[in-house]
Amino acid sequence: MKICLVGLPQSGKSSLFGALTGLRPEEAAAKGAEPVAVVKVPDPRVERLTSVYNPKKQTFAAIEFSELAGLTSGEPGKAAFTELALGKLRAADALLAVVRSFRDPAVAHPLESVDAPRDLRHIEAELLLSDLAVIESRLEKLAKQIAAKKADRDVREKAALERCRASLEAETPLRRAGLTPDEELLLRGYRFLTQKPLIVALNLDEEDIAGEAEALVPFQPWADGSSSAVIALSARLEMEIRQLPEEDARRFLQDYGIERPARAKLIGTAYSLMGLISFFTVGPDEVKAWTIRAGTPAVQAAGVIHSDIERGFIRAEVVAFADFEASGSMQECKSAGTLRLEGREYPVRDGDIINFRFAV
């Protein structure tokens with residue numbers, strides 16, 4: 001999974017990037033103006049399975065975080081995103097918009113005042129304009145193609161794009177446009193920015209953390225939990241905590257009344273928003289977590305590991321992690337009847353431990 005951080009200058013993007021990735025400012029700077037880092041997804045189930053199997057290798061699920069340079073403030077004639085930035089945004093599976101709520105006179109705001117809802121609307125407007133530009137360009141080409149040869153697919157694509165244009169002109173992001181499965185299939189290759197899941201990170205002052213519920217009230221329109229979500233944090237504080245030894249960090253979190261650090265909160269939000277789960281493969285060589293969408297059929301989950309396993313799929317030997325934990329071993333799961341054989345269409349569940357039988 002890839003998540004791209006976007007926001008206005010001085011919003012705290014770099015601090016949050018450091019909190020999420022564990023990179024110190026100088027390490028992030030060494031990666032360039034728009035750094036990229038891969039982060040392991042913490043999962044105590046992987047640790048537990050590793051303690052049982054003692055494998056040669058332990059592999060957690062991973063998220064790639066990238067950070068874009070700060071958006072321009074809307075100067076006439078100046079594009080908000082470079083082509084490189086647009087490429088990163090389109091390659092992302094979800095967008096993380098960092099909006100500033102903290103007030104620090106030493107850190108000038110590019111719009112001269114702190115107004116987090118306004119800043120978020122500005123970010124969404126730039127994403128929306130980028131999508132509109134793509135749609136207008138494609139509609140011009142389609143009009144010529146249809147005039148020359150009225151292909152059914154072109155006609156359906158034109159209708160879908162016109163519906164998208166109407167949604168964007170009404171300032172409604174495409175993730176809320178109610179596109180049909182057929183329309184989504186037709187438009188999949190465009191990777192529209194406003195169609196991607198959006199996580200909003202409200203960057204608070206440290207002293208406002210205790211009152212985060214009140215701070216989140218103006219952001220309810222983005223907190224539907226189906227296509228967008230909002231979390232509150234203090235990026236500066238979280239970055240400082242990330243650099244501490246584990247025990248010191250735990251005490252620091254307790255002192256500020258923070259139940260979960262930003263990384264855990266954001267990863268949990270991303271998994272929930274995108275409908276993602278983890279299943280596990282185990283053995284003496286490797287214990288590994290695999291990320292898929294909830295309800296993925298077993299045969300497709302096998303393909304995540306290797307196309308040969310999907311092609312030659314026979315059966316899946318499945319045990320829920322909770323049952324494995326209760327029994328303590330795979331042999332005990334067999335004796336208890338909690339290890340079962342499932343077919344191609346079995347919807348894989350979060351925490352399933354699976355051994356795929358296949359022949360090619």
# chains A, B, ... in the order shown; residues from 1 in each chain; ligands from 1
>>> residues_around(residues="Lys196 of chain A", least_positions_apart="5", cutoff="8 Å", atoms="only C-alpha atoms", output="PyMOL selection string")
chain A and resi 93-95+175+191+227
>>> select_by_dssp(residues="segment 280-341 of chain A", states="strand (DSSP E)", output="list in words")
Phe280, Thr281, Glu286, Val287, Lys288, Ala289, Trp290, Thr291, Ile292, Arg293, Phe313, Ile314, Arg315, Ala316, Glu317, Val318, Val319, Ala320, Arg340 and Leu341 of chain A
>>> residues_around(residues="segment 6-14 of chain A", least_positions_apart="4", cutoff="8 Å", atoms="only C-alpha atoms", output="number ranges by chain")
A: 18, 25, 67-73, 95-100, 107-110, 119, 123, 203, 235-236
>>> closest_residue(among="A:Gln254, A:Phe192, A:Ser101, A:Pro181", to="Asp208 of chain A", atoms="only C-alpha atoms")
A:Ser101
>>> select_by_dssp(residues="segment 62-288 of chain A", states="helix (DSSP H, G or I)", output="JSON, numbers by chain")
{"A": [83, 84, 85, 86, 87, 88, 89, 90, 91, 116, 117, 118, 119, 120, 121, 122, 123, 124, 125, 126, 127, 128, 129, 130, 131, 132, 133, 134, 135, 136, 137, 138, 139, 140, 141, 142, 143, 144, 145, 146, 147, 148, 152, 153, 154, 155, 156, 157, 158, 159, 160, 161, 162, 163, 164, 165, 166, 167, 168, 169, 174, 175, 176, 181, 182, 183, 184, 185, 186, 187, 188, 189, 190, 193, 194, 195, 206, 207, 208, 209, 210, 211, 212, 213, 214, 215, 216, 217, 218, 219, 220, 221, 222, 235, 236, 237, 238, 239, 240, 241, 242, 246, 247, 248, 249, 250, 251, 252, 253, 254, 255, 256, 262, 263, 264, 265, 266, 267, 268, 269, 270, 271, 272, 273, 274]}
>>> residues_around(residues="segment 158-161 of chain A", least_positions_apart="2", cutoff="7 Å", atoms="only C-alpha atoms", output="list of chain:residue names")
A:Ile135, A:Leu139, A:Leu142, A:Asp154, A:Val155, A:Arg156, A:Arg163, A:Cys164, A:Arg165, A:Glu183
>>> residues_around(residues="Asp352 of chain A", least_positions_apart="6", cutoff="9 Å", atoms="only C-alpha atoms", output="list in words")
Ser278, Phe279, Phe280, Thr281, Val318, Val319, Ala320, Phe321 and Ala322 of chain A
>>> write_last_selection(atoms="N, CA and C atoms", output="short mmCIF file (atom, residue, chain, number, x, y, z; two decimals), in the first residue's frame")
data_model
loop_
_atom_site.label_atom_id
_atom_site.label_comp_id
_atom_site.auth_asym_id
_atom_site.auth_seq_id
_atom_site.Cartn_x
_atom_site.Cartn_y
_atom_site.Cartn_z
N SER A 278 -5.26 -8.62 7.00
CA SER A 278 -4.02 -9.39 6.88
C SER A 278 -4.30 -10.86 7.08
N PHE A 279 -3.68 -11.69 6.23
CA PHE A 279 -3.62 -13.12 6.51
C PHE A 279 -2.16 -13.51 6.60
N PHE A 280 -1.90 -14.73 7.11
CA PHE A 280 -0.52 -15.11 7.41
C PHE A 280 -0.17 -16.46 6.77
N THR A 281 1.08 -16.55 6.35
CA THR A 281 1.66 -17.84 5.99
C THR A 281 2.80 -18.09 6.98
N VAL A 318 -6.94 -23.69 6.42
CA VAL A 318 -7.17 -22.42 7.11
C VAL A 318 -7.43 -22.64 8.60
N VAL A 319 -6.80 -21.79 9.43
CA VAL A 319 -7.14 -21.73 10.84
C VAL A 319 -7.11 -20.26 11.26
N ALA A 320 -8.10 -19.85 12.02
CA ALA A 320 -8.13 -18.48 12.52
C ALA A 320 -7.03 -18.28 13.55
N PHE A 321 -6.43 -17.09 13.56
CA PHE A 321 -5.36 -16.84 14.51
C PHE A 321 -5.82 -17.06 15.95
N ALA A 322 -7.05 -16.64 16.27
CA ALA A 322 -7.56 -16.80 17.64
C ALA A 322 -7.63 -18.28 18.02
#
>>> closest_residue(among="A:Ser66, A:Ser130, A:Gln145, A:Thr50", to="Leu5 of chain A", atoms="only C-alpha atoms")
A:Ser66
>>> atom_distance(atom1="atom CA of Leu120 of chain A", atom2="atom CA of Ala80 of chain A")
14.1 Å
